[in-house]
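*Asks:* Take this structure first; my questions come after.
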Amino acid sequence: ALDFKAYPAWRKAWEALESPVHQGYHLFCLLTGCRPGEGSRIRLNDIDTDARMFVIRNAKAGKDIHLPITPEIAFAISLAVNAEVKPHHEVTETNLVFPGCRQISQRAELPIRGQALRHSYSTVAVDLKIDDLIRHFLMGHAPKGISQDYVALLILQNGPALREAQEQITKRIVKLLGLMVRSPPANLAPCCEEKVAHAASASGIAVSAGLSVGP
């Protein structure tokens, strides 16, 4: 996990990444604690703009898991969705939020990357004294003693508490990074219609540079 004092150095290396898609992907993984593979597989139609949620399909904990999008997470998504992506050998699926990122964690020039970002997210959550069960749910874990089939239901039942915890965690991480997320519009505005049309006519995702996901 990243030492709290090392966040500014991580941010400096992150800002040096040439691709905004890669920037968005690594920041998204840090802000959500998702597994690297799960983040790289998220599709445009896994973003629910009305509910301000994203879906991790076939999560390790069991079924699909629906997790809250905060303004900070939405900003990370917008970096990738706003970017122009030219097809190449690693960009074969155009409806991914982070195209071409399935192998990027192995070679990104960052102090920490991949699974270590997930550990950093967990460390911040623990430092904030987030309830252990809520932390497990946000990270897609199946806590000991709870069946995998039951995890998805419990996550839905704990929706407000999950969102509150996610907001605390992402605000702390952005503060540690010293990253300024500009004041955005009030909600996720539909955009990128062409991309979304290729994602089984799913709804679009907000892509303004400092977007928000609502109050």
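In the structure tokens, each chain is lettered A, B, ... as it comes, each chain's residues begin at 1, and ligands are numbered from 1 in order of appearance.
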What lies within 9 Å of region 24-41 of chain A using only C-alpha atoms, ignoring chain neighbours under 5 positions off, as a ChimeraX atom specification?
*Replies:* /A:14,19,56-59,67,69,72-81,96-103,105,113-122,138-140,166,169-171,173-174
*Asks:* So what do you get for CA of Ile47 (chain A) versus CA of Leu133 (chain A), distance-wise?
*Replies:*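 Atom-to-atom, CA of Ile47 (chain A) and CA of Leu133 (chain A) are spaced 24.0 Å apart.
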*Asks:* Under the rule that only C-alpha atoms are counted, which of A:Ala1, A:Ile112, A:Ala165, A:Ile155 is the nearest residue to Ala125 (chain A)?
*Replies:*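 For Ala125 (chain A), the nearest of the given residues is A:Ala165.
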*Asks:* Rank A:Phe4, A:Asn158, A:Ala9, A:Ile130 by their smallest atom-to-atom distance to Pro111 (chain A), using only C-alpha atoms, and report the top residue only.
*Replies:* A:Ala9
*Asks:* If you count only C-alpha atoms, which residues fall within 12 Å of Pro160 (chain A), apart from same-chain ones fewer than 3 positions away, as a list in words?
*Replies:*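 Listed by chain and then number, they are Ala51, Arg52, Met53, Leu67, Pro68, Ile134, Leu154, Ile155, Leu156, Gln157, Arg163, Glu164, Ala165, Gln166 and Glu167 of chain A.
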*Asks:* Pick out the residues sitting within 9 Å of Leu17 (chain A), and hand them over as a ChimeraX atom specification; count only C-alpha atoms, and ignore anything fewer than 4 positions along from it in its own chain.
*Replies:* /A:13,22-23,108-110
